[in-house]
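Source file: model_16.cif. Holds: mmCIF, C-alpha atoms and all ligand atoms.
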data_coords
loop_
_atom_site.group_PDB
_atom_site.id
_atom_site.type_symbol
_atom_site.label_atom_id
_atom_site.label_comp_id
_atom_site.auth_asym_id
_atom_site.auth_seq_id
_atom_site.Cartn_x
_atom_site.Cartn_y
_atom_site.Cartn_z
ATOM 1 C CA MET A 1 -24.753 3.496 24.570
ATOM 2 C CA THR A 2 -21.217 4.338 23.375
ATOM 3 C CA GLN A 3 -20.330 2.354 20.277
ATOM 4 C CA GLN A 4 -17.093 0.330 20.548
ATOM 5 C CA LEU A 5 -14.533 1.715 18.087
ATOM 6 C CA ALA A 6 -13.196 -0.902 15.668
ATOM 7 C CA GLU A 7 -9.461 -1.672 15.582
ATOM 8 C CA ARG A 8 -7.636 0.341 12.919
ATOM 9 C CA TYR A 9 -4.416 -0.140 10.977
ATOM 10 C CA GLY A 10 -1.503 0.321 13.376
ATOM 11 C CA ASP A 11 -3.503 0.150 16.621
ATOM 12 C CA ASN A 12 -2.197 -3.364 17.117
ATOM 13 C CA ILE A 13 -1.606 -5.248 13.897
ATOM 14 C CA PHE A 14 1.100 -3.536 11.769
ATOM 15 C CA ASN A 15 1.953 -1.126 14.590
ATOM 16 C CA HIS A 16 5.237 0.550 13.602
ATOM 17 C CA ALA A 17 6.707 -0.272 17.026
ATOM 18 C CA THR A 18 6.406 -4.021 16.332
ATOM 19 C CA ALA A 19 9.964 -5.381 16.076
ATOM 20 C CA SER A 20 9.628 -6.736 12.528
ATOM 21 C CA GLU A 21 7.552 -3.888 11.052
ATOM 22 C CA ASP A 22 10.560 -1.875 9.859
ATOM 23 C CA GLU A 23 11.884 -4.892 7.941
ATOM 24 C CA ARG A 24 8.401 -5.811 6.665
ATOM 25 C CA LEU A 25 7.827 -2.377 5.126
ATOM 26 C CA ALA A 26 11.409 -2.195 3.821
ATOM 27 C CA ALA A 27 10.873 -5.531 2.048
ATOM 28 C CA LEU A 28 7.645 -4.217 0.535
ATOM 29 C CA ALA A 29 9.419 -1.104 -0.720
ATOM 30 C CA ALA A 30 12.292 -3.188 -2.139
ATOM 31 C CA GLU A 31 9.761 -5.272 -4.078
ATOM 32 C CA LEU A 32 7.587 -2.428 -5.341
ATOM 33 C CA ASP A 33 9.880 0.580 -5.764
ATOM 34 C CA PRO A 34 11.307 -0.290 -9.210
ATOM 35 C CA ALA A 35 7.847 -0.463 -10.837
ATOM 36 C CA SER A 36 6.604 2.589 -8.890
ATOM 37 C CA PHE A 37 9.589 4.654 -10.027
ATOM 38 C CA ARG A 38 9.068 3.507 -13.628
ATOM 39 C CA ARG A 39 5.365 4.462 -13.535
ATOM 40 C CA LEU A 40 5.927 7.821 -11.866
ATOM 41 C CA GLY A 41 8.895 8.473 -14.161
ATOM 42 C CA ALA A 42 6.595 8.109 -17.177
ATOM 43 C CA LEU A 43 4.664 11.231 -16.084
ATOM 44 C CA PRO A 44 5.756 14.677 -17.322
ATOM 45 C CA ILE A 45 7.203 15.583 -13.898
ATOM 46 C CA GLN A 46 8.463 19.165 -13.619
ATOM 47 C CA PRO A 47 11.012 20.474 -11.069
ATOM 48 C CA ASP A 48 8.421 22.860 -9.604
ATOM 49 C CA TRP A 49 5.701 20.245 -9.031
ATOM 50 C CA ARG A 50 4.209 19.989 -5.555
ATOM 51 C CA CYS A 51 3.838 16.327 -4.658
ATOM 52 C CA LEU A 52 2.006 14.398 -1.947
ATOM 53 C CA GLU A 53 2.929 10.900 -0.792
ATOM 54 C CA LEU A 54 0.163 9.370 1.359
ATOM 55 C CA GLY A 55 0.919 6.602 3.879
ATOM 56 C CA ALA A 56 4.649 6.986 3.179
ATOM 57 C CA GLY A 57 5.859 3.976 5.227
ATOM 58 C CA THR A 58 9.663 4.005 4.966
ATOM 59 C CA GLY A 59 9.534 7.073 2.686
ATOM 60 C CA THR A 60 11.311 5.723 -0.412
ATOM 61 C CA VAL A 61 8.786 7.087 -2.904
ATOM 62 C CA ALA A 62 8.635 10.487 -1.197
ATOM 63 C CA ARG A 63 12.400 10.829 -1.493
ATOM 64 C CA TRP A 64 12.314 9.727 -5.141
ATOM 65 C CA MET A 65 9.785 12.486 -5.882
ATOM 66 C CA ALA A 66 11.769 15.062 -3.886
ATOM 67 C CA ALA A 67 14.870 14.425 -5.999
ATOM 68 C CA ARG A 68 12.816 15.278 -9.124
ATOM 69 C CA CYS A 69 10.882 18.241 -7.772
ATOM 70 C CA PRO A 70 13.505 20.388 -5.991
ATOM 71 C CA ASP A 71 11.667 23.657 -6.753
ATOM 72 C CA GLY A 72 8.226 22.415 -5.689
ATOM 73 C CA GLY A 73 8.645 19.980 -2.828
ATOM 74 C CA VAL A 74 7.047 16.897 -1.367
ATOM 75 C CA VAL A 75 4.676 16.469 1.548
ATOM 76 C CA ALA A 76 4.796 12.907 2.902
ATOM 77 C CA THR A 77 2.188 11.716 5.381
ATOM 78 C CA ASP A 78 1.651 8.764 7.666
ATOM 79 C CA LEU A 79 -0.120 7.885 10.909
ATOM 80 C CA ASP A 80 3.343 7.125 12.277
ATOM 81 C CA LEU A 81 6.588 8.520 10.851
ATOM 82 C CA GLU A 82 8.932 6.442 13.029
ATOM 83 C CA LEU A 83 10.026 4.186 10.157
ATOM 84 C CA VAL A 84 10.943 6.901 7.671
ATOM 85 C CA ARG A 85 14.495 6.177 6.553
ATOM 86 C CA GLY A 86 17.324 8.487 5.507
ATOM 87 C CA HIS A 87 17.857 12.145 6.188
ATOM 88 C CA ASP A 88 15.754 15.149 5.253
ATOM 89 C CA GLY A 89 17.292 17.390 2.683
ATOM 90 C CA GLU A 90 19.542 14.659 1.301
ATOM 91 C CA HIS A 91 17.798 14.515 -2.068
ATOM 92 C CA GLY A 92 15.436 17.492 -1.986
ATOM 93 C CA ASP A 93 12.763 18.806 0.262
ATOM 94 C CA VAL A 94 10.359 16.396 2.011
ATOM 95 C CA THR A 95 7.962 17.705 4.641
ATOM 96 C CA TRP A 96 7.112 14.693 6.837
ATOM 97 C CA THR A 97 3.631 15.151 8.297
ATOM 98 C CA HIS A 98 1.562 13.212 10.816
ATOM 99 C CA HIS A 99 -1.742 12.946 8.972
ATOM 100 C CA ASP A 100 -4.666 10.542 9.108
ATOM 101 C CA LEU A 101 -6.064 10.320 5.607
ATOM 102 C CA THR A 102 -9.495 9.367 6.911
ATOM 103 C CA ARG A 103 -9.764 12.537 9.038
ATOM 104 C CA ASP A 104 -7.283 15.208 7.958
ATOM 105 C CA ASP A 105 -7.548 17.373 4.844
ATOM 106 C CA PHE A 106 -5.449 19.486 2.514
ATOM 107 C CA PRO A 107 -6.865 22.540 0.723
ATOM 108 C CA PRO A 108 -8.400 21.809 -2.695
ATOM 109 C CA GLY A 109 -5.982 22.173 -5.609
ATOM 110 C CA SER A 110 -2.801 21.797 -3.525
ATOM 111 C CA PHE A 111 -0.801 19.203 -5.499
ATOM 112 C CA ASP A 112 0.403 18.433 -9.040
ATOM 113 C CA LEU A 113 1.074 14.784 -8.205
ATOM 114 C CA ILE A 114 -0.372 12.524 -5.496
ATOM 115 C CA HIS A 115 0.768 8.948 -4.948
ATOM 116 C CA ALA A 116 -0.338 6.235 -2.527
ATOM 117 C CA ARG A 117 0.680 2.586 -2.413
ATOM 118 C CA TYR A 118 -0.895 -0.299 -0.474
ATOM 119 C CA LEU A 119 -2.948 2.201 1.549
ATOM 120 C CA PHE A 120 -6.548 2.511 0.318
ATOM 121 C CA CYS A 121 -7.261 -1.212 0.778
ATOM 122 C CA HIS A 122 -6.747 -0.637 4.531
ATOM 123 C CA LEU A 123 -9.106 2.350 4.848
ATOM 124 C CA ARG A 124 -12.664 1.639 5.976
ATOM 125 C CA THR A 125 -13.881 4.906 4.364
ATOM 126 C CA ARG A 126 -11.858 4.435 1.157
ATOM 127 C CA GLU A 127 -14.539 5.717 -1.281
ATOM 128 C CA GLN A 128 -15.009 9.033 0.511
ATOM 129 C CA ASP A 129 -11.259 9.315 1.116
ATOM 130 C CA LEU A 130 -10.552 8.816 -2.583
ATOM 131 C CA ALA A 131 -12.964 11.609 -3.530
ATOM 132 C CA ARG A 132 -11.275 13.966 -1.050
ATOM 133 C CA VAL A 133 -7.812 13.060 -2.324
ATOM 134 C CA ALA A 134 -8.864 13.733 -5.944
ATOM 135 C CA SER A 135 -10.038 17.213 -4.890
ATOM 136 C CA TRP A 136 -6.532 18.030 -3.583
ATOM 137 C CA LEU A 137 -5.179 17.893 -7.170
ATOM 138 C CA VAL A 138 -4.696 21.035 -9.230
ATOM 139 C CA PRO A 139 -6.537 21.003 -12.578
ATOM 140 C CA GLY A 140 -4.321 18.815 -14.793
ATOM 141 C CA GLY A 141 -2.747 17.130 -11.736
ATOM 142 C CA TRP A 142 -2.060 13.387 -11.562
ATOM 143 C CA LEU A 143 -3.126 10.714 -9.073
ATOM 144 C CA VAL A 144 -1.234 7.400 -9.042
ATOM 145 C CA LEU A 145 -2.623 4.621 -6.841
ATOM 146 C CA GLU A 146 -0.959 1.233 -6.466
ATOM 147 C CA GLU A 147 -2.887 -1.410 -4.553
ATOM 148 C CA PRO A 148 -2.607 -5.151 -3.894
ATOM 149 C CA ALA A 149 -4.709 -7.780 -5.649
ATOM 150 C CA LYS A 150 -5.055 -11.277 -4.247
ATOM 151 C CA PHE A 151 -6.179 -13.302 -7.283
ATOM 152 C CA PRO A 152 -2.738 -14.881 -7.971
ATOM 153 C CA ILE A 153 -2.854 -16.375 -4.455
ATOM 154 C CA GLU A 154 -6.527 -17.414 -4.677
ATOM 155 C CA SER A 155 -5.662 -19.871 -7.463
ATOM 156 C CA SER A 156 -2.448 -21.252 -5.905
ATOM 157 C CA PRO A 157 -2.055 -25.045 -6.184
ATOM 158 C CA HIS A 158 -0.226 -25.097 -2.814
ATOM 159 C CA HIS A 159 -2.943 -25.850 -0.255
ATOM 160 C CA ALA A 160 -1.267 -24.656 2.956
ATOM 161 C CA TYR A 161 0.108 -21.495 1.325
ATOM 162 C CA ARG A 162 -3.224 -20.700 -0.351
ATOM 163 C CA GLU A 163 -5.442 -21.283 2.683
ATOM 164 C CA THR A 164 -3.091 -19.552 5.121
ATOM 165 C CA SER A 165 -2.668 -16.565 2.805
ATOM 166 C CA MET A 166 -6.397 -16.292 2.145
ATOM 167 C CA GLY A 167 -6.763 -16.418 5.928
ATOM 168 C CA VAL A 168 -4.532 -13.344 6.120
ATOM 169 C CA PHE A 169 -6.980 -11.408 3.926
ATOM 170 C CA THR A 170 -9.940 -12.604 6.022
ATOM 171 C CA ALA A 171 -8.198 -11.763 9.306
ATOM 172 C CA LEU A 172 -7.288 -8.276 8.074
ATOM 173 C CA ALA A 173 -10.839 -7.699 6.830
ATOM 174 C CA GLU A 174 -12.311 -8.734 10.183
ATOM 175 C CA ARG A 175 -9.789 -6.934 12.376
ATOM 176 C CA ILE A 176 -9.004 -3.647 10.603
ATOM 177 C CA GLY A 177 -11.447 -3.519 7.662
ATOM 178 C CA THR A 178 -8.926 -4.221 4.892
ATOM 179 C CA ASP A 179 -10.492 -5.053 1.505
ATOM 180 C CA CYS A 180 -8.125 -6.487 -1.109
ATOM 181 C CA ASP A 181 -11.011 -7.010 -3.591
ATOM 182 C CA TRP A 182 -11.766 -3.285 -3.818
ATOM 183 C CA PRO A 183 -8.577 -2.462 -5.792
ATOM 184 C CA ARG A 184 -9.648 -4.832 -8.606
ATOM 185 C CA ALA A 185 -12.114 -2.111 -9.689
ATOM 186 C CA LEU A 186 -9.680 0.762 -9.086
ATOM 187 C CA PRO A 187 -10.169 2.348 -12.544
ATOM 188 C CA ASP A 188 -13.938 2.506 -11.900
ATOM 189 C CA HIS A 189 -13.435 3.981 -8.432
ATOM 190 C CA MET A 190 -11.110 6.632 -9.847
ATOM 191 C CA ARG A 191 -13.398 7.412 -12.795
ATOM 192 C CA ARG A 192 -16.264 8.056 -10.351
ATOM 193 C CA THR A 193 -14.215 10.839 -8.731
ATOM 194 C CA GLY A 194 -14.074 12.627 -12.091
ATOM 195 C CA LEU A 195 -10.501 11.666 -12.995
ATOM 196 C CA THR A 196 -9.747 11.156 -16.691
ATOM 197 C CA GLU A 197 -6.929 9.781 -18.911
ATOM 198 C CA LEU A 198 -7.011 6.593 -16.804
ATOM 199 C CA ASP A 199 -4.224 4.129 -17.384
ATOM 200 C CA ILE A 200 -3.917 0.688 -15.783
ATOM 201 C CA ASP A 201 -0.833 -1.420 -15.177
ATOM 202 C CA ILE A 202 -0.144 -4.635 -13.280
ATOM 203 C CA ALA A 203 2.952 -6.238 -11.788
ATOM 204 C CA TYR A 204 3.103 -9.808 -10.512
ATOM 205 C CA SER A 205 5.381 -10.874 -7.682
ATOM 206 C CA MET A 206 7.174 -14.104 -6.797
ATOM 207 C CA VAL A 207 7.579 -15.511 -3.294
ATOM 208 C CA GLY A 208 9.984 -18.139 -1.942
ATOM 209 C CA GLY A 209 13.690 -17.941 -1.121
ATOM 210 C CA ASN A 210 15.021 -14.480 -0.475
ATOM 211 C CA ARG A 211 12.614 -12.525 -2.620
ATOM 212 C CA PRO A 212 11.438 -9.281 -0.994
ATOM 213 C CA MET A 213 7.734 -10.083 -1.465
ATOM 214 C CA GLY A 214 8.349 -13.490 0.144
ATOM 215 C CA ARG A 215 9.967 -11.846 3.169
ATOM 216 C CA PHE A 216 7.160 -9.257 3.369
ATOM 217 C CA TRP A 217 4.540 -12.017 3.305
ATOM 218 C CA GLU A 218 6.436 -14.183 5.810
ATOM 219 C CA LEU A 219 6.548 -11.293 8.297
ATOM 220 C CA THR A 220 2.862 -10.557 7.612
ATOM 221 C CA VAL A 221 1.882 -14.183 8.282
ATOM 222 C CA GLU A 222 4.074 -14.207 11.418
ATOM 223 C CA GLN A 223 2.319 -11.144 12.844
ATOM 224 C CA LEU A 224 -1.081 -12.721 12.213
ATOM 225 C CA THR A 225 -0.211 -16.267 13.320
ATOM 226 C CA PRO A 226 -2.212 -16.212 16.600
ATOM 227 C CA THR A 227 -5.331 -15.096 14.688
ATOM 228 C CA LEU A 228 -4.751 -17.498 11.772
ATOM 229 C CA CYS A 229 -4.464 -20.475 14.123
ATOM 230 C CA THR A 230 -8.002 -19.837 15.434
ATOM 231 C CA MET A 231 -9.608 -19.713 11.976
ATOM 232 C CA ASP A 232 -11.753 -22.461 10.420
ATOM 233 C CA GLY A 233 -9.814 -24.564 7.909
ATOM 234 C CA ILE A 234 -6.382 -23.352 9.041
ATOM 235 C CA THR A 235 -4.234 -25.413 11.404
ATOM 236 C CA PRO A 236 -1.011 -24.383 13.171
ATOM 237 C CA ASP A 237 0.793 -26.922 10.940
ATOM 238 C CA MET A 238 -0.473 -25.195 7.793
ATOM 239 C CA VAL A 239 0.772 -21.835 9.063
ATOM 240 C CA ALA A 240 4.146 -23.369 9.967
ATOM 241 C CA ASP A 241 4.382 -25.051 6.526
ATOM 242 C CA THR A 242 3.642 -21.735 4.834
ATOM 243 C CA LEU A 243 6.406 -19.975 6.769
ATOM 244 C CA VAL A 244 8.873 -22.742 5.834
ATOM 245 C CA SER A 245 7.838 -22.544 2.155
ATOM 246 C CA LEU A 246 8.245 -18.768 2.049
ATOM 247 C CA ARG A 247 11.871 -19.183 3.212
ATOM 248 C CA ASP A 248 12.576 -22.119 0.889
ATOM 249 C CA PRO A 249 14.751 -21.198 -2.129
ATOM 250 C CA GLU A 250 13.065 -24.016 -4.082
ATOM 251 C CA PHE A 251 9.508 -22.745 -3.456
ATOM 252 C CA ARG A 252 8.229 -21.062 -6.626
ATOM 253 C CA GLU A 253 4.937 -19.280 -6.181
ATOM 254 C CA LEU A 254 3.109 -16.085 -6.994
ATOM 255 C CA GLY A 255 2.523 -13.495 -4.307
ATOM 256 C CA MET A 256 0.073 -10.590 -4.470
ATOM 257 C CA ALA A 257 -0.166 -8.679 -7.709
ATOM 258 C CA THR A 258 0.021 -4.898 -7.707
ATOM 259 C CA LEU A 259 -2.626 -3.029 -9.658
ATOM 260 C CA ALA A 260 -1.573 0.507 -10.542
ATOM 261 C CA VAL A 261 -3.911 3.129 -11.932
ATOM 262 C CA THR A 262 -2.982 6.617 -13.052
ATOM 263 C CA GLY A 263 -5.636 9.293 -13.513
ATOM 264 C CA ARG A 264 -5.700 13.000 -14.214
ATOM 265 C CA ARG A 265 -7.912 15.798 -12.978
ATOM 266 C CA PRO A 266 -9.349 17.485 -16.073
ATOM 267 C CA VAL A 267 -7.500 20.669 -17.013
ATOM 268 C CA SER A 268 -10.741 22.656 -17.136
HETATM 269 C C1 LIG A 301 1.259 -1.325 3.827
HETATM 270 S S1 LIG A 301 2.041 0.140 4.373
HETATM 271 C C2 LIG A 301 2.664 0.797 2.807
HETATM 272 C C3 LIG A 301 3.786 1.799 3.002
HETATM 273 C C4 LIG A 301 4.261 2.490 1.721
HETATM 274 N N1 LIG A 301 3.155 3.188 1.067
HETATM 275 C C5 LIG A 301 4.889 1.512 0.748
HETATM 276 O O1 LIG A 301 4.180 1.054 -0.159
HETATM 277 O O2 LIG A 301 6.084 1.224 0.881
HETATM 278 C C6 LIG A 301 0.686 1.252 4.700
HETATM 279 C C7 LIG A 301 1.141 2.577 5.301
HETATM 280 O O3 LIG A 301 0.000 3.442 5.373
HETATM 281 C C8 LIG A 301 -0.046 4.036 6.662
HETATM 282 N N2 LIG A 301 -1.461 4.314 6.989
HETATM 283 C C9 LIG A 301 -2.419 3.421 7.334
HETATM 284 N N3 LIG A 301 -3.587 4.061 7.545
HETATM 285 C C10 LIG A 301 -3.362 5.383 7.331
HETATM 286 C C11 LIG A 301 -4.163 6.553 7.404
HETATM 287 N N4 LIG A 301 -5.454 6.498 7.768
HETATM 288 N N5 LIG A 301 -3.591 7.749 7.121
HETATM 289 C C12 LIG A 301 -2.282 7.827 6.772
HETATM 290 N N6 LIG A 301 -1.467 6.755 6.688
HETATM 291 C C13 LIG A 301 -1.996 5.546 6.971
HETATM 292 C C14 LIG A 301 0.598 3.014 7.584
HETATM 293 O O4 LIG A 301 1.050 3.581 8.797
HETATM 294 C C15 LIG A 301 1.712 2.450 6.709
HETATM 295 O O5 LIG A 301 2.901 3.187 6.814
#
Show this structure as structure tokens.
Amino acid sequence: MTQQLAERYGDNIFNHATASEDERLAALAAELDPASFRRLGALPIQPDWRCLELGAGTGTVARWMAARCPDGGVVATDLDLELVRGHDGEHGDVTWTHHDLTRDDFPPGSFDLIHARYLFCHLRTREQDLARVASWLVPGGWLVLEEPAKFPIESSPHHAYRETSMGVFTALAERIGTDCDWPRALPDHMRRTGLTELDIDIAYSMVGGNRPMGRFWELTVEQLTPTLCTMDGITPDMVADTLVSLRDPEFRELGMATLAVTGRRPVS
């Protein structure tokens, strides 16, 4: 009997052709870019470094790296490159590549710096994928992973927001295999691949009003509304209340945290 293939990121939910997906990913980048650029900027980046940006989304981090590595270059991958913004060559060399991290490889030792953000939580084969990614580093190369953590939402005092948002994590787990608990142990996962010099950092986010994380979460909840409304403990009114709160300038709440871990492939 042929086994039914499970739905994957982008097949339906978060498909880049969905009308709001461009804005959703742009809001995410607007929220996260400043901390990502600060973390990456703390590394001893050289102009001749070869960099890899996995699951590039709108491409902001790839272009940031390209501006700093004009003699090396940047390969930026995604399942779908439709939402990449800006023009090639504007700030350095980015090679935009259709690439499925769960299936496609690069030769071992290809990159001095590899970065991925809000990607591994969505991969069903994340442990094996992480080991493969670590092998693509040159000796002494750096891996920077930034992933979401849901604990600030889990403890929210706002019932509708908390239950609806926790429903998002459950719906994503059931539909596409997302696991937003896995990143909590990111340093351990990275250590198991043999990476050393591990460093951990965290950034909290606020939602409500016009904050980028609030807009990102609003558009995420909107996409999942039909699924959320069928879930135990979540009513259509709770989903509607959550959407109103996320747009309300007076709503003061925490959104997802971002856990960032930097690791290095041993020099020898
Ligand atoms: C939540 S978005 C994050 C985008 C970007 N990294 C950022 O933080 O702004 C996840 C991205 O990973 C891509 N993606 C999902 N699964 C992938 C896979 N198996 N291989 C490559 N890219 C993938 C999606 O298409 C999407 O652009």
Determine the residue membership of the PyMOL selection byres (((chain A and resi 253) around 6) and not hetatm) for the file above and supply it as a ChimeraX atom specification. /A:206-207,252,254
Could you put an axis-aligned box around every listed atom of ligand LIG 301 (chain A), padded by 3 Å on each side, and send me its centre and edge lengths in Å to one decimal, as JSON?
{"center_x": 0.3, "center_y": 3.3, "center_z": 4.3, "size_x": 17.5, "size_y": 15.2, "size_z": 15.0}
Can you tell me which residues come within 9 Å of ligand LIG 301 (chain A) when counting all atoms listed in the file, ideally as a VMD selection string? chain A and resid 8 to 10 14 to 16 24 to 33 53 to 61 77 to 81 83 to 84 98 to 104 115 to 120 122 to 124 146 to 147
Which polymer residues, protein or nucleic acid, are no farther than 7 Å from (-5.4, -11.3, 1.5), counting only C-alpha atoms, as a ChimeraX atom specification? /A:150,165-170,180
When the PyMOL selection byres (((chain A and resi 196) around 7) and not hetatm) is applied to the structure above, which residues does it catch, written out as a PyMOL selection string? chain A and resi 191+194-195+197-198+263-266
Taking the file as shown, what set of residues would the PyMOL selection byres (((chain A and resi 234-249) around 12) and not hetatm) give back, as an NGL selection string? :A and (158-168 or 170-171 or 206-233 or 250-255)
My list of candidates is A:Leu52, A:Val133, A:Ala35, A:Cys69. Which is closest to Phe111 in chain A when distances are computed with only C-alpha atoms?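 Selected residue with least distance to Phe111 in chain A: A:Leu52.
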Separation of CA of Ala149 in chain A and CA of Tyr204 in chain A, in Å?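 Those two atoms sit 9.4 Å apart.
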What gap, in Å, lies between CA of Gly177 in chain A and CA of Arg85 in chain A?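 Interatomic distance, CA of Gly177 in chain A to CA of Arg85 in chain A: 27.7 Å.
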Which residue gives the smallest distance to Arg38 in chain A among A:Arg184, A:Met65, A:Ala134, A:Ser20, with all atoms listed in the file counted?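 Closest to Arg38 in chain A of all the choices is A:Met65.
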CA of Val144 in chain A and CA of Ala6 in chain A are how many Å apart?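 The value is 28.7 Å.
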Give me, as JSON, numbers by chain, all polymer residues having an atom no more than 7 Å from Ala260 in chain A, counting only C-alpha atoms and skipping those fewer than 2 positions away in the same chain. {"A": [145, 146, 147, 200, 201, 202, 258, 262]}
A:Asp179, A:Glu127, A:Asp71, A:Asp188: which is nearest Ile45 in chain A, counting all atoms listed in the file?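 Result for the nearest residue to Ile45 in chain A: A:Asp71.
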Test item: which residues lie within 6 Å of (5.6, 17.2, 3.1) counting all atoms listed in the file, as a count of residues only: 7
Compare A:Asp48, A:Glu23, A:Asp105, A:Asp93 by their minimum atom-to-atom distance to Ala131 in chain A, counting only C-alpha atoms, and give me the closest one. A:Asp105
Counting only C-alpha atoms, figure out which residue out of A:Asp112, A:Glu154, A:Phe106, A:Ile176 gets nearest to Gly72 in chain A.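 Checking each candidate against Gly72 in chain A, we get A:Asp112 as the closest.
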Residues within 9 Å of Ser110 in chain A, only C-alpha atoms, excluding chain neighbours under 6 positions, as a PyMOL selection string: chain A and resi 50-52+135-138
